[in-house]
$ cat target-v4.txt   # compact mmCIF, C-alpha atoms (C1' of nucleotides)
# COMPACT_ATOMS: atom_id res chain seq x y z
CA MET S 1 8.91 -36.37 -14.25
CA TYR S 2 10.81 -39.33 -12.85
CA GLU S 3 13.56 -38.94 -15.38
CA ALA S 4 15.23 -36.19 -13.43
CA LEU S 5 15.37 -38.36 -10.33
CA ILE S 6 16.54 -41.45 -12.17
CA ASN S 7 19.26 -39.58 -13.99
CA TYR S 8 20.27 -37.96 -10.75
CA ILE S 9 20.68 -41.27 -8.95
CA ASN S 10 22.57 -42.82 -11.84
CA SER S 11 24.86 -39.82 -12.06
CA TYR S 12 25.87 -40.30 -8.44
CA SER S 13 26.40 -44.03 -8.64
CA THR S 14 28.72 -46.40 -10.46
CA THR S 15 26.13 -49.19 -10.51
CA GLN S 16 23.13 -48.02 -12.50
CA LEU S 17 19.50 -48.54 -11.63
CA SER S 18 17.97 -51.79 -12.91
CA GLU S 19 14.53 -51.95 -14.50
CA PRO S 20 12.92 -53.29 -11.32
CA ASP S 21 14.67 -50.53 -9.34
CA ILE S 22 13.19 -47.94 -11.66
CA ALA S 23 9.78 -49.51 -11.32
CA ALA S 24 10.11 -49.42 -7.53
CA ILE S 25 11.08 -45.75 -7.67
CA LYS S 26 8.18 -44.80 -9.92
CA ASP S 27 5.89 -46.70 -7.66
CA THR S 28 7.23 -45.27 -4.41
CA PHE S 29 7.97 -41.59 -4.99
CA LYS S 30 4.72 -39.66 -5.27
CA PRO S 31 4.53 -36.47 -7.33
CA GLY S 32 3.44 -33.49 -5.28
CA LYS S 33 3.10 -29.73 -5.52
CA ILE S 34 4.01 -27.28 -2.79
CA LYS S 35 2.64 -23.84 -3.38
CA LYS S 36 4.56 -20.73 -2.45
CA LYS S 37 4.44 -20.29 1.35
CA GLU S 38 3.11 -23.80 1.97
CA PHE S 39 5.02 -26.04 4.31
CA LEU S 40 6.73 -29.35 3.70
CA LEU S 41 7.71 -29.49 7.38
CA LYS S 42 6.83 -27.41 10.43
CA GLU S 43 8.92 -26.92 13.53
CA GLY S 44 7.91 -29.43 16.17
CA GLN S 45 6.81 -32.08 13.69
CA VAL S 46 8.74 -35.24 13.00
CA CYS S 47 10.03 -35.14 9.45
CA ASN S 48 8.32 -38.06 7.71
CA LEU S 49 8.87 -36.88 4.16
CA THR S 50 11.86 -36.35 1.96
CA ALA S 51 11.33 -34.31 -1.18
CA PHE S 52 13.31 -34.39 -4.39
CA VAL S 53 12.85 -31.04 -6.09
CA ILE S 54 11.78 -31.31 -9.74
CA ASN S 55 11.40 -27.62 -10.05
CA GLY S 56 10.92 -24.66 -7.80
CA ALA S 57 12.67 -23.58 -4.63
CA LEU S 58 12.39 -24.40 -0.93
CA ARG S 59 13.99 -23.00 2.19
CA GLN S 60 14.70 -24.54 5.57
CA TYR S 61 14.87 -22.23 8.58
CA SER S 62 14.19 -21.73 12.25
CA VAL S 63 12.29 -18.84 13.78
CA ASP S 64 13.63 -17.37 17.01
CA GLU S 65 11.70 -15.83 19.91
CA LYS S 66 11.88 -12.39 18.26
CA GLY S 67 10.29 -13.78 15.13
CA SER S 68 13.34 -13.57 12.91
CA GLU S 69 14.13 -16.39 10.55
CA HIS S 70 17.48 -18.12 10.32
CA ILE S 71 18.00 -19.92 7.03
CA VAL S 72 19.92 -23.18 7.33
CA GLY S 73 19.26 -24.58 3.88
CA LEU S 74 18.11 -23.63 0.39
CA TYR S 75 16.95 -26.19 -2.15
CA ILE S 76 16.28 -25.91 -5.85
CA GLU S 77 16.02 -28.31 -8.79
CA ASN S 78 17.79 -31.62 -8.22
CA TRP S 79 18.24 -31.13 -4.50
CA TRP S 80 16.84 -33.17 -1.66
CA ALA S 81 14.86 -31.36 1.00
CA SER S 82 14.26 -32.81 4.45
CA ASP S 83 15.50 -32.51 8.00
CA ARG S 84 17.84 -35.45 8.19
CA GLU S 85 18.17 -35.47 11.94
CA SER S 86 14.45 -35.51 12.55
CA TRP S 87 13.97 -38.01 9.72
CA THR S 88 16.45 -40.53 11.06
CA THR S 89 16.01 -40.07 14.81
CA LEU S 90 12.24 -39.51 14.78
CA THR S 91 12.64 -36.43 16.94
CA PRO S 92 10.65 -33.19 16.46
CA SER S 93 12.35 -30.88 14.03
CA LEU S 94 13.73 -27.49 14.99
CA TYR S 95 13.12 -26.25 11.49
CA ASN S 96 10.48 -25.26 9.00
CA ILE S 97 10.70 -26.13 5.34
CA ASP S 98 8.46 -24.13 3.04
CA ALA S 99 8.22 -23.24 -0.62
CA TRP S 100 9.63 -19.95 -1.80
CA GLU S 101 8.27 -20.57 -5.29
CA ASN S 102 5.53 -22.92 -6.43
CA THR S 103 7.42 -26.17 -6.42
CA ASP S 104 7.05 -29.63 -7.95
CA VAL S 105 8.54 -32.43 -5.94
CA LEU S 106 8.72 -36.19 -5.72
CA LEU S 107 7.81 -37.24 -2.20
CA LEU S 108 9.12 -40.21 -0.29
CA THR S 109 7.74 -41.32 3.05
CA ARG S 110 9.97 -42.86 5.66
CA ASP S 111 8.13 -46.16 5.59
CA ALA S 112 8.29 -46.41 1.83
CA TYR S 113 11.95 -45.52 1.99
CA TYR S 114 12.85 -48.34 4.35
CA GLU S 115 10.68 -50.86 2.53
CA ARG S 116 11.43 -50.15 -1.09
CA ILE S 117 14.24 -47.71 -1.66
CA LYS S 118 16.91 -48.16 0.95
CA PRO S 119 18.11 -51.56 -0.39
CA ILE S 120 18.63 -50.36 -3.97
CA PRO S 121 22.40 -50.47 -4.58
CA ALA S 122 22.56 -47.35 -6.75
CA PHE S 123 20.56 -45.51 -4.12
CA ILE S 124 22.84 -46.63 -1.33
CA GLU S 125 25.84 -45.34 -3.21
CA MET S 126 24.20 -42.06 -4.08
CA ASN S 127 23.05 -41.60 -0.55
CA SER S 128 26.43 -42.10 0.98
CA LYS S 129 28.03 -39.71 -1.48
CA LEU S 130 25.40 -37.10 -0.80
CA GLN S 131 25.81 -37.41 2.93
CA GLU S 132 29.51 -36.98 2.50
CA ASN S 133 29.18 -33.94 0.25
CA ASN S 134 26.68 -32.43 2.60
CA ALA S 135 28.97 -32.97 5.57
CA PHE S 136 31.82 -31.28 3.71
CA SER S 137 29.78 -28.26 2.74
CA VAL S 138 28.28 -27.76 6.18
CA GLN S 139 31.77 -28.04 7.62
CA LYS S 140 32.99 -25.35 5.23
CA ARG S 141 30.11 -23.09 6.06
CA LEU S 142 30.82 -23.53 9.76
CA HIS S 143 34.48 -22.72 9.26
CA ALA S 144 33.55 -19.63 7.29
CA LEU S 145 31.28 -18.45 10.09
CA ILE S 146 33.98 -18.64 12.73
CA SER S 147 36.83 -17.38 10.60
CA LEU S 148 35.65 -15.03 7.86
CA PRO S 149 33.97 -11.60 7.86
CA ALA S 150 30.61 -11.11 6.18
CA GLU S 151 32.05 -9.78 2.93
CA LYS S 152 34.24 -12.81 2.36
CA ARG S 153 31.43 -15.20 3.17
CA TYR S 154 29.28 -13.49 0.57
CA ILE S 155 31.97 -13.74 -2.08
CA ASP S 156 32.43 -17.41 -1.30
CA LEU S 157 28.70 -17.98 -1.65
CA ILE S 158 28.64 -16.26 -5.03
CA ASN S 159 31.33 -18.64 -6.20
CA ALA S 160 29.92 -21.79 -4.64
CA TYR S 161 26.22 -21.35 -5.40
CA PRO S 162 25.68 -18.57 -7.94
CA GLN S 163 22.21 -19.96 -8.71
CA PHE S 164 21.00 -18.98 -5.26
CA LEU S 165 21.43 -15.30 -6.05
CA GLN S 166 19.12 -15.63 -9.02
CA ARG S 167 16.47 -17.51 -7.15
CA PHE S 168 16.28 -16.02 -3.69
CA PRO S 169 15.94 -12.39 -2.60
CA GLN S 170 18.72 -10.76 -0.67
CA HIS S 171 17.14 -11.01 2.74
CA ILE S 172 17.13 -14.80 2.37
CA ILE S 173 20.74 -14.85 1.22
CA ALA S 174 21.67 -12.56 4.11
CA SER S 175 20.09 -14.85 6.63
CA TYR S 176 21.83 -17.85 5.06
CA LEU S 177 25.11 -15.99 5.56
CA GLY S 178 24.26 -15.16 9.16
CA ILE S 179 23.86 -11.40 8.63
CA THR S 180 20.96 -8.97 8.20
CA LYS S 181 19.64 -7.76 4.87
CA GLU S 182 20.90 -4.23 5.63
CA THR S 183 24.43 -5.49 6.19
CA LEU S 184 24.30 -7.49 2.97
CA SER S 185 23.10 -4.46 1.09
CA ARG S 186 26.05 -2.45 2.39
CA VAL S 187 28.48 -5.25 1.65
CA ARG S 188 27.26 -5.32 -1.93
CA ARG S 189 27.69 -1.59 -2.28
CA GLN S 190 31.25 -1.86 -0.99
CA LEU S 191 31.99 -4.59 -3.51
CA SER S 192 30.51 -2.69 -6.44
CA ASN S 193 32.84 0.25 -5.63
CA LYS S 194 35.81 -1.91 -6.59
CA MET J 1 45.29 -50.82 24.25
CA TYR J 2 43.09 -52.21 21.52
CA GLU J 3 40.31 -52.92 23.96
CA ALA J 4 39.09 -49.37 23.94
CA LEU J 5 38.79 -49.40 20.17
CA ILE J 6 37.16 -52.81 20.03
CA ASN J 7 34.63 -51.92 22.69
CA TYR J 8 33.98 -48.67 20.94
CA ILE J 9 33.22 -50.33 17.62
CA ASN J 10 31.01 -52.95 19.24
CA SER J 11 29.15 -50.31 21.18
CA TYR J 12 28.21 -48.55 17.94
CA SER J 13 27.20 -51.65 16.07
CA THR J 14 24.51 -54.31 16.33
CA THR J 15 26.69 -56.98 14.73
CA GLN J 16 29.75 -57.53 16.92
CA LEU J 17 33.34 -57.94 15.76
CA SER J 18 34.35 -61.50 14.93
CA GLU J 19 37.70 -62.99 16.03
CA PRO J 20 39.25 -62.51 12.58
CA ASP J 21 37.96 -58.92 12.54
CA ILE J 22 39.65 -58.28 15.84
CA ALA J 23 42.84 -59.83 14.55
CA ALA J 24 42.68 -57.59 11.49
CA ILE J 25 42.19 -54.54 13.67
CA LYS J 26 45.10 -55.40 15.95
CA ASP J 27 47.20 -55.98 12.93
CA THR J 28 46.20 -52.84 11.09
CA PHE J 29 45.92 -50.06 13.64
CA LYS J 30 49.37 -49.03 14.81
CA PRO J 31 49.89 -47.60 18.29
CA GLY J 32 51.42 -44.15 18.22
CA LYS J 33 52.23 -41.25 20.48
CA ILE J 34 51.77 -37.61 19.62
CA LYS J 35 53.55 -35.31 21.98
CA LYS J 36 52.09 -32.01 23.02
CA LYS J 37 52.41 -29.54 20.11
CA GLU J 38 53.31 -32.24 17.60
CA PHE J 39 51.20 -32.51 14.46
CA LEU J 40 49.07 -35.32 13.19
CA LEU J 41 48.24 -33.26 10.11
CA LYS J 42 49.49 -29.98 8.72
CA GLU J 43 47.60 -27.56 6.50
CA GLY J 44 48.40 -28.29 2.87
CA GLN J 45 49.04 -31.99 3.42
CA VAL J 46 46.68 -34.70 2.28
CA CYS J 47 45.28 -36.44 5.33
CA ASN J 48 46.52 -40.02 5.09
CA LEU J 49 45.99 -40.96 8.71
CA THR J 50 43.01 -41.36 10.95
CA ALA J 51 43.67 -41.52 14.67
CA PHE J 52 41.57 -43.12 17.36
CA VAL J 53 42.38 -41.38 20.63
CA ILE J 54 43.26 -43.78 23.47
CA ASN J 55 44.11 -40.95 25.76
CA GLY J 56 45.07 -37.34 25.51
CA ALA J 57 43.60 -34.45 23.57
CA LEU J 58 43.92 -33.10 20.04
CA ARG J 59 42.66 -30.02 18.29
CA GLN J 60 41.87 -29.29 14.66
CA TYR J 61 42.14 -25.70 13.46
CA SER J 62 43.03 -23.34 10.67
CA VAL J 63 45.36 -20.37 10.92
CA ASP J 64 44.35 -17.18 9.12
CA GLU J 65 46.59 -14.57 7.50
CA LYS J 66 46.79 -12.64 10.78
CA GLY J 67 48.06 -15.74 12.53
CA SER J 68 44.98 -16.39 14.63
CA GLU J 69 43.73 -19.91 15.05
CA HIS J 70 40.17 -21.03 14.41
CA ILE J 71 39.28 -24.27 16.15
CA VAL J 72 36.97 -26.50 14.17
CA GLY J 73 37.29 -29.67 16.21
CA LEU J 74 38.40 -30.99 19.59
CA TYR J 75 39.12 -34.65 20.20
CA ILE J 76 39.67 -36.58 23.43
CA GLU J 77 39.51 -40.22 24.53
CA ASN J 78 37.35 -42.37 22.26
CA TRP J 79 37.10 -39.84 19.48
CA TRP J 80 38.34 -40.11 15.91
CA ALA J 81 40.65 -37.40 14.65
CA SER J 82 41.20 -36.74 10.97
CA ASP J 83 40.15 -34.37 8.22
CA ARG J 84 37.46 -36.37 6.53
CA GLU J 85 37.28 -34.25 3.43
CA SER J 86 40.98 -34.43 2.76
CA TRP J 87 41.03 -38.12 3.69
CA THR J 88 38.28 -39.10 1.26
CA THR J 89 38.92 -36.70 -1.59
CA LEU J 90 42.74 -36.75 -1.42
CA THR J 91 42.82 -32.96 -1.48
CA PRO J 92 45.20 -30.86 0.64
CA SER J 93 43.74 -30.09 4.01
CA LEU J 94 42.84 -26.58 5.16
CA TYR J 95 43.46 -27.61 8.74
CA ASN J 96 46.11 -28.54 11.24
CA ILE J 97 45.61 -31.26 13.79
CA ASP J 98 48.00 -31.21 16.72
CA ALA J 99 48.21 -32.54 20.25
CA TRP J 100 47.20 -30.32 23.11
CA GLU J 101 48.33 -32.95 25.60
CA ASN J 102 50.69 -35.87 25.14
CA THR J 103 48.39 -38.27 23.38
CA ASP J 104 48.25 -42.01 22.72
CA VAL J 105 46.49 -42.99 19.54
CA LEU J 106 45.83 -45.92 17.27
CA LEU J 107 46.73 -44.94 13.74
CA LEU J 108 45.13 -46.13 10.56
CA THR J 109 46.48 -45.34 7.11
CA ARG J 110 44.17 -44.87 4.17
CA ASP J 111 45.58 -47.86 2.30
CA ALA J 112 45.23 -50.15 5.30
CA TYR J 113 41.73 -48.85 5.81
CA TYR J 114 40.57 -49.72 2.33
CA GLU J 115 42.29 -53.08 2.33
CA ARG J 116 41.52 -54.44 5.76
CA ILE J 117 39.03 -52.39 7.73
CA LYS J 118 36.43 -50.94 5.42
CA PRO J 119 34.75 -54.30 4.68
CA ILE J 120 34.25 -55.26 8.34
CA PRO J 121 30.48 -55.22 8.95
CA ALA J 122 30.64 -53.83 12.48
CA PHE J 123 32.97 -51.11 11.25
CA ILE J 124 30.67 -50.19 8.40
CA GLU J 125 27.79 -49.79 10.79
CA MET J 126 29.83 -47.80 13.30
CA ASN J 127 31.15 -45.60 10.56
CA SER J 128 27.79 -44.72 9.15
CA LYS J 129 26.43 -43.91 12.60
CA LEU J 130 29.40 -41.74 13.37
CA GLN J 131 29.10 -39.86 10.13
CA GLU J 132 25.47 -39.27 10.88
CA ASN J 133 26.11 -38.06 14.42
CA ASN J 134 28.87 -35.84 13.21
CA ALA J 135 26.65 -34.34 10.54
CA PHE J 136 23.98 -33.61 13.15
CA SER J 137 26.36 -31.95 15.54
CA VAL J 138 28.05 -29.81 12.89
CA GLN J 139 24.62 -28.78 11.70
CA LYS J 140 23.65 -27.74 15.23
CA ARG J 141 26.83 -25.81 15.68
CA LEU J 142 26.22 -24.01 12.41
CA HIS J 143 22.70 -23.14 13.41
CA ALA J 144 23.93 -21.82 16.75
CA LEU J 145 26.45 -19.60 14.98
CA ILE J 146 23.86 -17.92 12.79
CA SER J 147 21.11 -17.69 15.38
CA LEU J 148 22.50 -17.45 18.93
CA PRO J 149 24.62 -14.86 20.75
CA ALA J 150 27.95 -15.83 22.30
CA GLU J 151 26.57 -16.38 25.79
CA LYS J 152 23.95 -18.87 24.65
CA ARG J 153 26.45 -20.76 22.53
CA TYR J 154 28.71 -21.09 25.55
CA ILE J 155 25.91 -22.42 27.73
CA ASP J 156 24.99 -24.93 25.05
CA LEU J 157 28.59 -26.09 24.87
CA ILE J 158 28.74 -26.58 28.63
CA ASN J 159 25.71 -28.83 28.38
CA ALA J 160 26.74 -30.71 25.26
CA TYR J 161 30.44 -31.29 26.00
CA PRO J 162 31.25 -30.50 29.63
CA GLN J 163 34.46 -32.52 29.35
CA PHE J 164 35.93 -29.96 26.98
CA LEU J 165 35.97 -27.33 29.70
CA GLN J 166 38.09 -29.57 31.89
CA ARG J 167 40.55 -30.41 29.19
CA PHE J 168 41.08 -27.28 27.15
CA PRO J 169 41.94 -23.74 28.25
CA GLN J 170 39.48 -20.96 27.66
CA HIS J 171 41.15 -19.47 24.63
CA ILE J 172 40.62 -22.78 22.82
CA ILE J 173 37.00 -22.99 23.90
CA ALA J 174 36.50 -19.37 22.85
CA SER J 175 37.87 -20.05 19.40
CA TYR J 176 35.68 -23.15 19.09
CA LEU J 177 32.70 -20.90 19.85
CA GLY J 178 33.78 -18.33 17.30
CA ILE J 179 34.67 -15.61 19.83
CA THR J 180 37.85 -14.26 21.44
CA LYS J 181 39.18 -15.30 24.81
CA GLU J 182 38.44 -11.84 26.22
CA THR J 183 34.82 -12.06 25.20
CA LEU J 184 34.55 -15.53 26.71
CA SER J 185 36.08 -14.28 29.94
CA ARG J 186 33.48 -11.50 30.11
CA VAL J 187 30.65 -13.87 29.26
CA ARG J 188 31.70 -16.10 32.12
CA ARG J 189 31.78 -13.20 34.52
CA GLN J 190 28.26 -12.21 33.47
CA LEU J 191 27.06 -15.74 34.04
CA SER J 192 28.66 -16.04 37.48
CA ASN J 193 26.78 -12.88 38.53
CA LYS J 194 23.47 -14.73 38.23
C1' DC B 1 62.98 -16.51 41.91
C1' DG B 2 61.66 -15.86 37.42
C1' DC B 3 59.38 -17.51 33.44
C1' DG B 4 55.58 -19.03 30.46
C1' DG B 5 51.00 -19.90 29.77
C1' DG B 6 46.61 -18.77 30.90
C1' DT B 7 43.12 -15.43 32.52
C1' DT B 8 41.22 -11.00 33.60
C1' DT B 9 40.35 -6.11 33.09
C1' DG B 10 40.01 -1.67 30.89
C1' DA B 11 39.89 1.58 27.05
C1' DT B 12 38.91 2.07 22.42
C1' DG B 13 37.16 0.93 17.97
C1' DA B 14 35.18 -1.94 14.24
C1' DT B 15 31.61 -4.65 12.73
C1' DG B 16 27.23 -5.63 12.29
C1' DC B 17 22.35 -4.89 14.30
C1' DT B 18 18.01 -2.18 15.07
C1' DC B 19 14.74 0.95 13.86
C1' DA B 20 12.85 4.04 10.76
C1' DA B 21 12.19 6.13 6.47
C1' DG B 22 12.21 6.32 1.54
C1' DC B 23 12.65 4.28 -2.98
C1' DC B 24 11.80 1.13 -6.79
C1' DC B 25 9.03 -1.85 -9.35
C1' DG B 26 5.62 -5.12 -10.77
C1' DG B 27 0.88 -6.39 -10.08
C1' DT B 28 -4.04 -5.38 -9.06
C1' DG B 29 -8.14 -3.10 -9.25
C1' DG B 30 -10.84 1.08 -9.83
C1' DC W 1 -4.48 4.23 -17.64
C1' DC W 2 -3.41 5.52 -13.33
C1' DA W 3 -3.40 4.90 -8.23
C1' DC W 4 -2.17 2.17 -4.95
C1' DC W 5 -0.07 -1.57 -2.58
C1' DG W 6 3.26 -5.01 -1.14
C1' DG W 7 7.63 -6.87 -1.36
C1' DG W 8 12.16 -6.08 -1.77
C1' DC W 9 16.14 -3.03 -1.54
C1' DT W 10 18.69 0.96 0.16
C1' DT W 11 20.17 4.51 3.33
C1' DG W 12 20.99 6.82 7.65
C1' DA W 13 21.45 7.43 12.70
C1' DG W 14 22.27 5.37 16.91
C1' DC W 15 23.44 1.35 19.43
C1' DA W 16 24.97 -3.39 20.99
C1' DT W 17 28.10 -6.79 20.56
C1' DC W 18 32.30 -8.29 20.10
C1' DA W 19 37.31 -7.51 18.66
C1' DT W 20 41.73 -5.38 19.49
C1' DC W 21 45.45 -3.86 22.11
C1' DA W 22 47.77 -3.28 26.26
C1' DA W 23 48.57 -4.12 30.93
C1' DA W 24 48.30 -6.66 35.10
C1' DC W 25 47.66 -10.73 37.57
C1' DC W 26 47.86 -15.58 38.82
C1' DC W 27 50.04 -19.84 39.39
C1' DG W 28 52.62 -24.04 38.59
C1' DC W 29 57.25 -25.36 37.52
C1' DG W 30 62.06 -25.48 36.50
$ encode --input "target-v4.txt" --output "structure tokens"
Amino acid sequence: MYEALINYINSYSTTQLSEPDIAAIKDTFKPGKIKKKEFLLKEGQVCNLTAFVINGALRQYSVDEKGSEHIVGLYIENWWASDRESWTTLTPSLYNIDAWENTDVLLLTRDAYYERIKPIPAFIEMNSKLQENNAFSVQKRLHALISLPAEKRYIDLINAYPQFLQRFPQHIIASYLGITKETLSRVRRQLSNK
Amino acid sequence: MYEALINYINSYSTTQLSEPDIAAIKDTFKPGKIKKKEFLLKEGQVCNLTAFVINGALRQYSVDEKGSEHIVGLYIENWWASDRESWTTLTPSLYNIDAWENTDVLLLTRDAYYERIKPIPAFIEMNSKLQENNAFSVQKRLHALISLPAEKRYIDLINAYPQFLQRFPQHIIASYLGITKETLSRVRRQLSNK
DNA sequence: CGCGGGTTTGATGATGCTCAAGCCCGGTGG
DNA sequence: CCACCGGGCTTGAGCATCATCAAACCCGCG
């Protein structure tokens, strides 16, 4: 169970985890299950947990006054799920995170993070790389939203994250792209006629 | 000239700059001027420079096949201008950065950064906070694009960065919001009738 | 005075949304 | 085994939002 996490950290870091580091990780991350439709985080709460996904799928989204959902993040195996802003600034989150499939995770609390995990060198390196990668991908997604039509954004998503299409239904993908499910359906029809 | 930068770094860090740090900074950042319409970075180039704006205004944008510009970033006094992805990954940039006003900057090259600046503790702290803040604000902008109509995005911008409205013409602001100048003009008329 | 850059306005059209209906398919229970 | 149900996907008609194109206006500046 912890292997996936340990391998993940090592793969993102030049300095590998020491034995004591590994012990600290096994001691600090708690295995957990989130059933389909259960929440890891609800809008308005402060995000006190970060989850590393062992297997399953989560989504992060807001709900507007009309009740429609706007997907800002999708997480599957070997991804981290949390609301970073709420986590670091202790402010109430604007987002919900819930399970789309029954999901196994390793859970880290903020306190445990600061006490045990934050100082681990391999973790520091991984963390800074992840933050960087995340910043780049959010930046790209933003640029796509202001500069590309729906069809192109969909094609880009297929290329960047083909796994998502297997794991999430089209209305989720549509929302992630900033369009409705009907528009996505029509976009796909257009594309298949080529 | 260097005061602004030094104060800026200290204001973002708990550990203050030492005398040798300050000497290194003065020695490493080179004063520069970018005249209106001159480029700090052109699409296709690797971003080898980071600029700290002493005064003036820069914009970062892409140009699509139809020739229209899409503004992804605006930078004024006490902001850092560069394409972080290109800077860190050494890949050609998708963006242009040019001066909207005649601008005074302090320039840092990548080599000088790694050799002299990166290890400075106050700089490390500042840098990680900035990256964090930037990630949060890009995330918010992304969320606004998929969930809010043009009018609401404009209102949010007024509240978040009122300075921008003073410094940049409306067609730039419109592009930053992901709409055309005509739409922005009409949105503003709507708002003034309330 | 004329020019250039910025803004506004109007007419028209594309893109994507809303609402409503129907279809497909896998799962559940009679 | 079949009927039904729910979730997801598709399709269509009408509509809202925003883009495009073109023209006019405004104003500071050489």
$ closest_residue --input "target-v4.txt" --among "J:Thr180, J:Ala24, J:Asn102, J:Pro169" --to "chain B" --atoms "all atoms listed in the file"
J:Pro169
$ interface_residues --input "target-v4.txt" --of "chain J" --to "chain B" --cutoff "9 Å" --atoms "all atoms listed in the file" --output "number ranges by chain"
J: 169-171, 181-182, 185-186
$ closest_atom_pairs --input "target-v4.txt" --of "chain W" --to "chain S" --cutoff "8 Å" --atoms "only C-alpha atoms (C1' of nucleotides)" --output "Markdown table"
| residue | atom | partner | partner_atom | distance |
| --- | --- | --- | --- | --- |
| W:DG8 | C1' | S:Pro169 | CA | 7.4 |
| W:DC9 | C1' | S:Ser185 | CA | 7.6 |
| W:DT10 | C1' | S:Ser185 | CA | 7.0 |
$ closest_atom_pairs --input "target-v4.txt" --of "chain S" --to "chain J" --cutoff "9 Å" --atoms "all atoms listed in the file" --output "tab-separated table"
residue	atom	partner	partner_atom	distance
S:Ser62	CA	J:Ser147	CA	8.6
S:Asp64	CA	J:Ser147	CA	7.7
S:Glu69	CA	J:Ser147	CA	8.6
S:His70	CA	J:Ser147	CA	6.2
S:Ile71	CA	J:Ile146	CA	8.5
S:Val72	CA	J:His143	CA	6.7
S:Arg84	CA	J:Phe136	CA	8.1
S:Glu85	CA	J:Phe136	CA	6.2
S:Ser128	CA	J:Ser128	CA	8.7
S:Gln131	CA	J:Glu132	CA	8.2
S:Glu132	CA	J:Gln131	CA	8.2
S:Asn133	CA	J:Glu85	CA	8.7
S:Asn134	CA	J:Ala135	CA	8.2
S:Ala135	CA	J:Ala135	CA	5.7
S:Phe136	CA	J:Glu85	CA	6.2
S:Val138	CA	J:Gln139	CA	6.7
S:Gln139	CA	J:Val138	CA	6.7
S:Arg141	CA	J:Leu142	CA	7.5
S:Leu142	CA	J:Leu142	CA	5.3
S:His143	CA	J:Val72	CA	6.7
S:Leu145	CA	J:Leu145	CA	7.0
S:Ile146	CA	J:Gly178	CA	4.6
S:Ser147	CA	J:His70	CA	6.2
S:Ser175	CA	J:Ile146	CA	7.8
S:Tyr176	CA	J:Ile146	CA	8.0
S:Leu177	CA	J:Ile146	CA	7.6
S:Gly178	CA	J:Ile146	CA	4.6
S:Ile179	CA	J:Ile146	CA	7.7
$ atom_distance --input "target-v4.txt" --atom1 "atom CA of Ile76 of chain S" --atom2 "atom CA of Ala51 of chain S"
10.8 Å
$ atom_distance --input "target-v4.txt" --atom1 "atom CA of Ile97 of chain S" --atom2 "atom CA of Arg59 of chain S"
5.5 Å
$ atom_distance --input "target-v4.txt" --atom1 "atom CA of Thr15 of chain J" --atom2 "atom CA of Met126 of chain S"
24.1 Å
$ residues_near_point --input "target-v4.txt" --point "(19.5, -39.0, -13.7)" --cutoff "12 Å" --atoms "only C-alpha atoms (C1' of nucleotides)" --output "PyMOL selection string"
chain S and resi 1-13+16-17+22+54+78+122-123+126
